[in-house]
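Engineer: target.txt is reproduced in full below (compact mmCIF, C-alpha atoms).
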```txt
# COMPACT_ATOMS: atom_id res chain seq x y z
CA TYR B 22 -5.28 -21.21 2.01
CA ASP B 23 -2.82 -21.94 -0.79
CA ARG B 24 -5.25 -24.43 -2.33
CA LEU B 25 -8.06 -21.87 -2.31
CA VAL B 26 -6.01 -19.10 -3.92
CA GLY B 27 -4.55 -21.63 -6.35
CA ALA B 28 -8.07 -22.28 -7.60
CA ASN B 29 -8.29 -18.60 -8.61
CA ARG B 30 -6.57 -18.54 -12.01
CA GLY B 31 -5.82 -14.82 -11.88
CA TYR B 32 -4.64 -14.56 -8.27
CA HIS B 33 -0.91 -15.03 -8.79
CA GLU B 34 -0.82 -13.23 -12.14
CA HIS B 35 -2.46 -10.16 -10.63
CA LEU B 36 0.17 -10.10 -7.88
CA ARG B 37 2.93 -10.30 -10.51
CA MET B 38 1.22 -7.50 -12.45
CA THR B 39 1.36 -5.30 -9.36
CA ALA B 40 5.02 -6.15 -8.78
CA ARG B 41 5.87 -5.33 -12.41
CA ARG B 42 4.11 -1.99 -12.16
CA MET B 43 6.35 -0.99 -9.25
CA GLY B 44 9.06 -0.32 -11.83
CA LEU B 45 11.86 -2.21 -10.06
CA ARG B 46 15.05 -1.88 -12.10
CA ASP B 47 17.86 -4.25 -13.07
CA ARG B 48 16.21 -7.43 -11.72
CA GLY B 49 16.26 -5.80 -8.28
CA THR B 50 20.03 -5.74 -7.96
CA GLY B 51 20.96 -3.79 -4.83
CA LEU B 52 17.32 -3.15 -3.84
CA ARG B 53 15.73 -3.73 -0.44
CA LEU B 54 12.04 -4.59 -0.70
CA LEU B 55 9.40 -5.02 1.98
CA ASP B 56 6.42 -7.35 1.57
CA LEU B 57 3.89 -6.42 4.27
CA GLY B 58 1.14 -8.94 4.95
CA CYS B 59 3.06 -11.61 3.05
CA GLY B 60 0.93 -14.50 4.35
CA THR B 61 2.15 -17.82 2.98
CA GLY B 62 4.48 -16.09 0.52
CA ALA B 63 2.37 -15.58 -2.63
CA SER B 64 3.12 -11.86 -2.80
CA THR B 65 6.75 -12.53 -1.88
CA GLN B 66 7.01 -14.87 -4.85
CA ALA B 67 5.51 -12.18 -7.09
CA LEU B 68 8.22 -9.73 -6.00
CA LEU B 69 10.86 -12.40 -6.48
CA ASP B 70 9.65 -13.12 -10.02
CA VAL B 71 10.11 -9.47 -10.93
CA ALA B 72 13.22 -8.71 -8.84
CA PRO B 73 15.10 -12.01 -8.34
CA ASP B 74 18.31 -10.29 -7.22
CA ALA B 75 16.69 -8.07 -4.57
CA GLU B 76 16.74 -8.50 -0.81
CA ILE B 77 13.11 -9.18 0.16
CA ILE B 78 11.72 -9.18 3.70
CA GLY B 79 8.24 -10.67 4.18
CA VAL B 80 6.31 -9.58 7.26
CA ASP B 81 3.09 -11.05 8.63
CA ALA B 82 1.22 -11.14 11.93
CA SER B 83 0.23 -14.81 11.53
CA SER B 84 2.85 -17.24 12.77
CA GLU B 85 0.94 -20.12 11.15
CA MET B 86 1.05 -18.55 7.70
CA LEU B 87 4.72 -17.64 8.12
CA ALA B 88 5.50 -21.25 9.05
CA ILE B 89 4.01 -22.34 5.71
CA ALA B 90 5.95 -19.63 3.88
CA ARG B 91 9.25 -20.68 5.47
CA GLU B 92 8.72 -24.29 4.40
CA LYS B 93 8.94 -23.25 0.77
CA THR B 94 12.19 -22.94 -1.15
CA TRP B 95 13.62 -19.42 -1.24
CA PRO B 96 16.92 -17.90 -2.34
CA PRO B 97 19.27 -16.49 0.34
CA GLY B 98 18.02 -12.93 -0.21
CA VAL B 99 14.51 -13.72 1.10
CA ARG B 100 13.63 -13.86 4.78
CA PHE B 101 10.47 -13.65 6.89
CA VAL B 102 9.68 -11.72 10.07
CA HIS B 103 6.77 -12.23 12.46
CA ALA B 104 5.30 -8.84 13.42
CA ASN B 105 2.26 -6.60 13.33
CA VAL B 106 2.51 -3.51 11.16
CA ASP B 107 2.35 -1.27 14.23
CA GLU B 108 5.45 -2.84 15.78
CA LEU B 109 7.81 -2.98 12.82
CA ALA B 110 10.54 -0.92 14.48
CA SER B 111 10.65 -3.29 17.48
CA VAL B 112 11.63 -6.21 15.22
CA GLY B 113 14.24 -4.26 13.28
CA ILE B 114 12.11 -3.22 10.30
CA THR B 115 13.33 0.33 9.86
CA GLY B 116 13.92 2.33 6.69
CA LEU B 117 14.81 2.99 4.18
CA TYR B 118 13.43 0.60 1.54
CA ASP B 119 13.40 0.74 -2.23
CA GLY B 120 9.81 -0.45 -2.47
CA ILE B 121 6.91 -1.79 -0.40
CA LEU B 122 4.18 -4.18 -1.49
CA ALA B 123 1.12 -4.55 0.75
CA ALA B 124 -1.26 -7.12 -0.73
CA TYR B 125 -4.68 -7.75 0.85
CA LEU B 126 -3.50 -5.99 4.01
CA VAL B 127 -4.92 -2.49 4.39
CA ARG B 128 -8.58 -3.55 4.70
CA ASN B 129 -7.64 -5.77 7.67
CA LEU B 130 -6.02 -2.98 9.69
CA ALA B 131 -7.77 -1.25 12.58
CA GLU B 132 -5.98 2.05 11.81
CA PRO B 133 -5.24 2.11 8.06
CA ASN B 134 -4.31 5.82 7.99
CA ALA B 135 -1.68 5.39 10.69
CA ALA B 136 -0.33 2.33 8.91
CA LEU B 137 -0.06 4.17 5.59
CA ARG B 138 1.89 6.97 7.27
CA THR B 139 4.23 4.33 8.71
CA PHE B 140 4.71 2.78 5.27
CA HIS B 141 5.60 6.20 3.84
CA ALA B 142 8.23 6.76 6.51
CA LEU B 143 9.92 3.46 5.58
CA LEU B 144 10.39 4.40 1.91
CA LYS B 145 13.40 5.93 0.27
CA PRO B 146 12.65 9.11 -1.70
CA GLY B 147 11.31 8.06 -5.09
CA ALA B 148 10.44 4.52 -3.96
CA PRO B 149 7.01 3.00 -4.74
CA LEU B 150 4.35 1.78 -2.33
CA ALA B 151 2.01 -0.70 -4.02
CA LEU B 152 -1.37 -1.47 -2.43
CA HIS B 153 -3.03 -4.53 -3.93
CA GLU B 154 -6.61 -5.19 -2.82
CA TYR B 155 -10.04 -6.45 -3.74
CA SER B 156 -12.43 -3.56 -4.23
CA VAL B 157 -16.13 -4.02 -4.94
CA ALA B 158 -17.66 -1.02 -3.17
CA ASP B 159 -18.05 1.05 -6.36
CA SER B 160 -20.01 -1.59 -8.30
CA ALA B 161 -23.25 -3.39 -7.40
CA ARG B 162 -22.39 -6.05 -9.98
CA SER B 163 -18.97 -6.67 -8.39
CA LYS B 164 -20.60 -6.95 -4.95
CA ALA B 165 -23.06 -9.53 -6.27
CA ILE B 166 -20.32 -11.57 -7.97
CA TRP B 167 -18.11 -11.45 -4.86
CA THR B 168 -20.99 -12.59 -2.63
CA ALA B 169 -21.87 -15.43 -5.00
CA VAL B 170 -18.25 -16.62 -5.19
CA CYS B 171 -17.80 -16.45 -1.40
CA TRP B 172 -21.00 -18.29 -0.45
CA GLY B 173 -20.88 -20.66 -3.40
CA VAL B 174 -17.19 -21.60 -3.32
CA ILE B 175 -14.87 -19.96 -0.79
CA ILE B 176 -16.88 -20.34 2.42
CA PRO B 177 -18.01 -23.97 1.81
CA MET B 178 -14.51 -25.04 0.71
CA GLY B 179 -12.91 -23.24 3.64
CA LYS B 180 -15.24 -24.91 6.13
CA LEU B 181 -14.66 -28.30 4.54
CA ARG B 182 -10.91 -27.84 4.74
CA SER B 183 -10.54 -26.24 8.18
CA GLY B 184 -13.74 -27.19 9.96
CA SER B 185 -14.74 -23.57 10.52
CA ALA B 186 -16.10 -20.92 8.18
CA ASP B 187 -15.50 -17.92 10.48
CA LEU B 188 -12.33 -16.74 8.71
CA TYR B 189 -13.94 -16.99 5.28
CA ARG B 190 -17.10 -15.19 6.34
CA TYR B 191 -14.84 -12.43 7.65
CA LEU B 192 -13.08 -12.33 4.27
CA TRP B 193 -16.44 -11.88 2.53
CA ARG B 194 -17.55 -9.08 4.85
CA SER B 195 -14.18 -7.28 4.96
CA VAL B 196 -14.09 -6.92 1.18
CA LEU B 197 -17.67 -5.63 1.08
CA ASP B 198 -16.90 -3.04 3.78
CA PHE B 199 -13.57 -1.86 2.34
CA ASP B 200 -13.04 1.42 0.47
CA GLY B 201 -13.91 1.73 -3.16
CA VAL B 202 -11.27 3.08 -5.52
CA GLU B 203 -12.47 6.67 -5.18
CA ALA B 204 -12.70 6.43 -1.39
CA LEU B 205 -9.16 5.11 -1.06
CA THR B 206 -7.93 7.74 -3.50
CA THR B 207 -9.41 10.37 -1.20
CA ARG B 208 -7.84 8.66 1.82
CA MET B 209 -4.39 8.62 0.20
CA HIS B 210 -4.59 12.25 -0.88
CA GLY B 211 -5.82 13.26 2.57
CA ILE B 212 -2.86 11.56 4.23
CA GLU B 213 -0.49 13.35 1.87
CA ARG B 214 -2.02 16.72 2.70
CA CYS B 215 -1.77 15.94 6.41
CA ILE B 216 1.94 15.12 6.08
CA GLN B 217 2.52 18.31 4.12
CA ASP B 218 0.61 20.37 6.70
CA ARG B 219 2.73 19.02 9.53
CA ARG B 220 5.94 19.79 7.69
CA ALA B 221 4.73 23.30 6.95
CA LEU B 222 4.02 23.91 10.63
CA ARG B 223 7.47 22.65 11.63
CA LEU B 224 9.10 24.97 9.09
CA SER B 225 7.05 28.04 9.95
CA ALA B 226 7.86 30.82 12.40
CA PRO B 227 6.67 30.30 16.01
CA ARG B 228 3.73 32.71 15.80
CA LEU B 229 3.04 32.78 12.09
CA PRO B 230 1.66 29.85 10.13
CA PHE B 231 3.58 31.09 7.05
CA SER B 232 6.74 33.17 7.22
CA PRO B 233 7.60 35.44 4.24
CA ALA B 234 11.25 35.41 5.35
CA THR B 235 11.64 31.67 4.80
CA GLY B 236 11.66 31.77 0.99
CA SER B 237 10.43 28.86 -1.14
CA MET B 238 8.87 26.03 0.77
CA PRO B 239 10.67 22.66 0.88
CA SER B 240 8.13 19.85 0.66
CA ARG B 241 7.82 16.14 0.09
CA SER B 242 5.12 14.43 -1.86
CA TRP B 243 4.43 11.33 -3.84
CA SER B 244 5.02 12.11 -7.48
CA GLY B 245 2.00 10.23 -8.74
CA TRP B 246 -0.38 7.38 -8.29
CA LYS B 247 -2.12 4.94 -10.57
CA THR B 248 -5.03 2.55 -10.30
CA THR B 249 -5.99 -0.48 -12.27
CA ALA B 250 -9.22 -2.44 -11.92
CA ARG B 251 -9.51 -5.98 -13.19
CA ASN B 252 -11.64 -8.87 -11.92
CA CYS B 253 -12.74 -6.94 -8.83
CA ALA B 254 -9.11 -6.23 -7.84
CA TRP B 255 -7.27 -2.94 -7.84
CA THR B 256 -3.85 -1.60 -7.08
CA GLY B 257 -2.67 1.84 -6.04
CA TRP B 258 0.77 3.38 -5.89
CA TRP B 259 2.48 6.24 -4.15
CA ARG B 260 5.99 7.20 -5.12
CA ARG B 261 7.92 9.26 -2.60
CA ALA B 262 10.04 12.17 -3.86
CA TRP B 263 12.93 14.20 -2.50
CA PRO B 264 12.15 17.64 -1.07
CA THR B 265 12.02 20.11 -3.96
CA ARG B 266 11.45 23.81 -4.47
CA SER B 267 8.55 24.75 -6.68
CA GLY B 268 9.73 28.29 -7.39
CA CYS B 269 6.77 29.86 -5.57
CA THR B 270 7.93 32.09 -2.72
CA TRP B 271 6.10 32.32 0.57
CA PRO B 272 4.43 35.71 -0.05
CA ALA B 273 3.10 34.51 -3.41
CA ALA B 274 1.84 31.28 -1.91
CA THR B 275 0.11 32.90 1.06
CA SER B 276 -1.67 35.30 -1.28
CA LEU B 277 -3.51 32.37 -2.90
CA PRO B 278 -6.85 31.02 -1.67
CA PRO B 279 -6.34 28.25 0.95
CA ARG B 280 -7.25 25.41 -1.44
CA ARG B 281 -4.65 26.58 -3.97
CA ARG B 282 -1.73 27.05 -1.59
CA TRP B 283 -0.52 23.46 -1.67
CA ARG B 284 -0.83 23.37 -5.45
CA ALA B 285 1.47 26.37 -5.64
CA TRP B 286 4.07 24.59 -3.55
CA THR B 287 3.73 20.98 -4.67
CA PRO B 288 1.39 19.48 -7.31
CA LEU B 289 -1.01 16.90 -5.94
CA PRO B 290 -0.69 13.30 -7.22
CA ARG B 291 -1.81 12.79 -10.80
CA ALA B 292 -4.46 10.22 -11.66
CA ILE B 293 -3.24 7.98 -14.47
CA ALA B 294 -5.73 5.75 -16.30
```
Write the structure described by the file as structure tokens, please.

Structural biologist:
Amino acid sequence: YDRLVGANRGYHEHLRMTARRMGLRDRGTGLRLLDLGCGTGASTQALLDVAPDAEIIGVDASSEMLAIAREKTWPPGVRFVHANVDELASVGITGLYDGILAAYLVRNLAEPNAALRTFHALLKPGAPLALHEYSVADSARSKAIWTAVCWGVIIPMGKLRSGSADLYRYLWRSVLDFDGVEALTTRMHGIERCIQDRRALRLSAPRLPFSPATGSMPSRSWSGWKTTARNCAWTGWWRRAWPTRSGCTWPAATSLPPRRRWRAWTPLPRAIA
């Protein structure tokens, strides 16, 4: 695996680019970072390059990949945990963290929406979640290039190295089937709205969906998200914020059309080119 990704000249640099864009301060001093789907440690190394003084926990469901990662040389602040993303709490991975990097992970999950909600719950307010993935769904040209690279290089080399091409054929198909940038943007915004809806219901009166007596609505949201696309790869961020008051009282908010209510309480994430 390491030999294959090492043959991709931009693989490690793109991971470092994602880590830099997380905005980790002061070389990571005092920060706790989570690297979900760390594999053999390439994404962990990217975080370490950007935040060498941080505590970094790499998590992966593959014991074989973690064994390779552990054989490498790491500073005392880096450790690895064997776990699936749906059992993080059972292995002691509980919040709150100053940042989460999930590289090449979300497209491999059976329930990505549930996983993203779990990731959000592990973040400190204001902390970034960086999703780093291949995305070719929005471009016929990118699909053609990805297919050519897989069947011309990755699948034959993988079979030659391991004796089986099943894993590499899955890689090819999983990237083709994964969300495009716009689709994942919609997914992320939809999850945010769902979280906001649930909080609103918990804060409301027993028989009224919105109570005028409650005053301004406390809410949590990610303050923004960004995407970059380069060489068929893209990265998205959420940044979690403390509950704030928007200055719009309940009666004013409930008088708006349904689609404008959440905008009155909390602005939706901003798209940044």

Engineer: Give me the residues near Ala88 in chain B as a PyMOL selection string, where near means some atom within 8 Å (using all atoms listed in the file) and where sequence neighbours in that chain fewer than 4 positions away do not count.

Structural biologist: chain B and resi 61+84+92

Engineer: Considering all atoms listed in the file, state which residue in the set B:Ile89, B:Val26, B:Ala110, B:Ala123 is at the smallest distance from Leu57 in chain B.

Structural biologist: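 The answer is B:Ala123, which sits nearest to Leu57 in chain B.
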
Engineer: When you look at range 192-203 of chain B with a cut-off of 7 Å (counting only C-alpha atoms), what residues show up, excluding the ones that are within fewer than 2 positions of it in the same chain? I need them as a list in words.

Structural biologist: Arg128, Tyr155, Ser156, Val157, Ala158, Asp159, Lys164, Thr168, Cys171, Leu188, Tyr189, Arg190, Leu205, Thr206 and Thr207 of chain B

Engineer: Would you please work out which residue, of B:Ile212, B:Ile114, B:Ala104, B:Leu137, is nearest to Ala151 in chain B when using only C-alpha atoms?

Structural biologist: B:Leu137

Engineer: Provide the CA of Arg24 in chain B to CA of Leu130 in chain B distance in Å, to one decimal place.

Structural biologist: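 Pair CA of Arg24 in chain B / CA of Leu130 in chain B returns 24.6 Å.
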
Engineer: Would you mind reading off the distance between CA of Trp95 in chain B and CA of Ser83 in chain B, one decimal, in Å?

Structural biologist: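 These two atoms are separated by 19.1 Å.
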
Engineer: I'd like the interatomic distance between CA of Leu126 in chain B and CA of Pro97 in chain B, to a tenth of an Å.

Structural biologist: 25.3 Å

Engineer: Show me the residues close to (10.9, -6.3, -12.3) - anything with an atom within 7 Å, counting all atoms listed in the file - and format the list as a list in words.

Structural biologist: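 Those residues lying close to the given coordinates are Ala40, Arg41, Gly44, Leu45, Arg46, Arg48, Gly49, Val71 and Ala72 of chain B.
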
Engineer: For Val174 in chain B, please output as number ranges by chain all residues within 12 Å (counting all atoms listed in the file; exclusion window: fewer than 2 positions along the same chain).

Structural biologist: B: 25-26, 28-29, 166-172, 176-182, 186, 189-190, 193

Engineer: With only C-alpha atoms as the basis for distance, which of B:His103, B:His35, B:Lys145, B:Arg42 is at the shortest distance from Tyr125 in chain B?

Structural biologist: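 That would be B:His35, the residue with the smallest distance to Tyr125 in chain B.
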
Engineer: Can you work out which one of B:Gly116, B:His141, B:Glu132, B:Gly62 has the shortest atom-to-atom distance to Val102 in chain B, counting all atoms listed in the file?

Structural biologist: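 Closest candidate: B:Gly62.
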
Engineer: Go through B:Ala67, B:Ile121, B:Ala161, B:Val127 and flag the residue nearest Gly147 in chain B, using all atoms listed in the file for the distances.

Structural biologist: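 So, comparing all the options, the nearest one is B:Ile121.
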
Engineer: With N, CA, C and O atoms as the target, complete range 194-212 of chain B and hand it back as a short mmCIF file (atom, residue, chain, number, x, y, z; two decimals), keeping the file's coordinate frame.

Structural biologist:
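Dumped to rebuild_21.cif:
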```
data_model
loop_
_atom_site.label_atom_id
_atom_site.label_comp_id
_atom_site.auth_asym_id
_atom_site.auth_seq_id
_atom_site.Cartn_x
_atom_site.Cartn_y
_atom_site.Cartn_z
N ARG B 194 -17.07 -10.34 4.31
CA ARG B 194 -17.55 -9.08 4.85
C ARG B 194 -16.50 -7.98 4.75
O ARG B 194 -16.82 -6.82 4.45
N SER B 195 -15.22 -8.31 4.98
CA SER B 195 -14.18 -7.28 4.96
C SER B 195 -14.03 -6.66 3.57
O SER B 195 -13.78 -5.45 3.45
N VAL B 196 -14.18 -7.45 2.53
CA VAL B 196 -14.09 -6.92 1.18
C VAL B 196 -15.29 -6.03 0.87
O VAL B 196 -15.15 -4.96 0.27
N LEU B 197 -16.48 -6.45 1.31
CA LEU B 197 -17.67 -5.63 1.08
C LEU B 197 -17.56 -4.28 1.79
O LEU B 197 -18.02 -3.26 1.27
N ASP B 198 -16.96 -4.26 2.97
CA ASP B 198 -16.90 -3.04 3.78
C ASP B 198 -15.73 -2.14 3.42
O ASP B 198 -15.68 -1.00 3.87
N PHE B 199 -14.78 -2.63 2.61
CA PHE B 199 -13.57 -1.86 2.34
C PHE B 199 -13.84 -0.72 1.36
O PHE B 199 -14.82 -0.73 0.61
N ASP B 200 -12.94 0.26 1.36
CA ASP B 200 -13.04 1.42 0.47
C ASP B 200 -13.20 1.01 -0.99
O ASP B 200 -12.59 0.03 -1.44
N GLY B 201 -13.97 1.81 -1.72
CA GLY B 201 -13.91 1.73 -3.16
C GLY B 201 -12.68 2.48 -3.65
O GLY B 201 -11.93 3.08 -2.87
N VAL B 202 -12.46 2.44 -4.96
CA VAL B 202 -11.27 3.08 -5.52
C VAL B 202 -11.27 4.58 -5.22
O VAL B 202 -10.26 5.15 -4.78
N GLU B 203 -12.41 5.24 -5.42
CA GLU B 203 -12.47 6.67 -5.18
C GLU B 203 -12.27 7.00 -3.71
O GLU B 203 -11.60 7.97 -3.36
N ALA B 204 -12.84 6.18 -2.82
CA ALA B 204 -12.70 6.43 -1.39
C ALA B 204 -11.26 6.28 -0.94
O ALA B 204 -10.76 7.08 -0.14
N LEU B 205 -10.55 5.27 -1.45
CA LEU B 205 -9.16 5.11 -1.06
C LEU B 205 -8.28 6.18 -1.70
O LEU B 205 -7.29 6.61 -1.11
N THR B 206 -8.64 6.61 -2.89
CA THR B 206 -7.93 7.74 -3.50
C THR B 206 -8.02 8.97 -2.59
O THR B 206 -7.03 9.64 -2.32
N THR B 207 -9.22 9.25 -2.11
CA THR B 207 -9.41 10.37 -1.20
C THR B 207 -8.62 10.18 0.09
O THR B 207 -8.01 11.12 0.61
N ARG B 208 -8.60 8.95 0.61
CA ARG B 208 -7.84 8.66 1.82
C ARG B 208 -6.35 8.93 1.61
O ARG B 208 -5.68 9.55 2.44
N MET B 209 -5.82 8.45 0.49
CA MET B 209 -4.39 8.62 0.20
C MET B 209 -4.04 10.09 0.04
O MET B 209 -3.03 10.57 0.57
N HIS B 210 -4.86 10.83 -0.69
CA HIS B 210 -4.59 12.25 -0.88
C HIS B 210 -4.71 12.99 0.44
O HIS B 210 -3.95 13.94 0.70
N GLY B 211 -5.66 12.61 1.28
CA GLY B 211 -5.82 13.26 2.57
C GLY B 211 -4.62 13.04 3.46
O GLY B 211 -4.19 13.95 4.18
N ILE B 212 -4.05 11.84 3.45
CA ILE B 212 -2.86 11.56 4.23
C ILE B 212 -1.69 12.40 3.73
O ILE B 212 -0.91 12.95 4.52
#
```
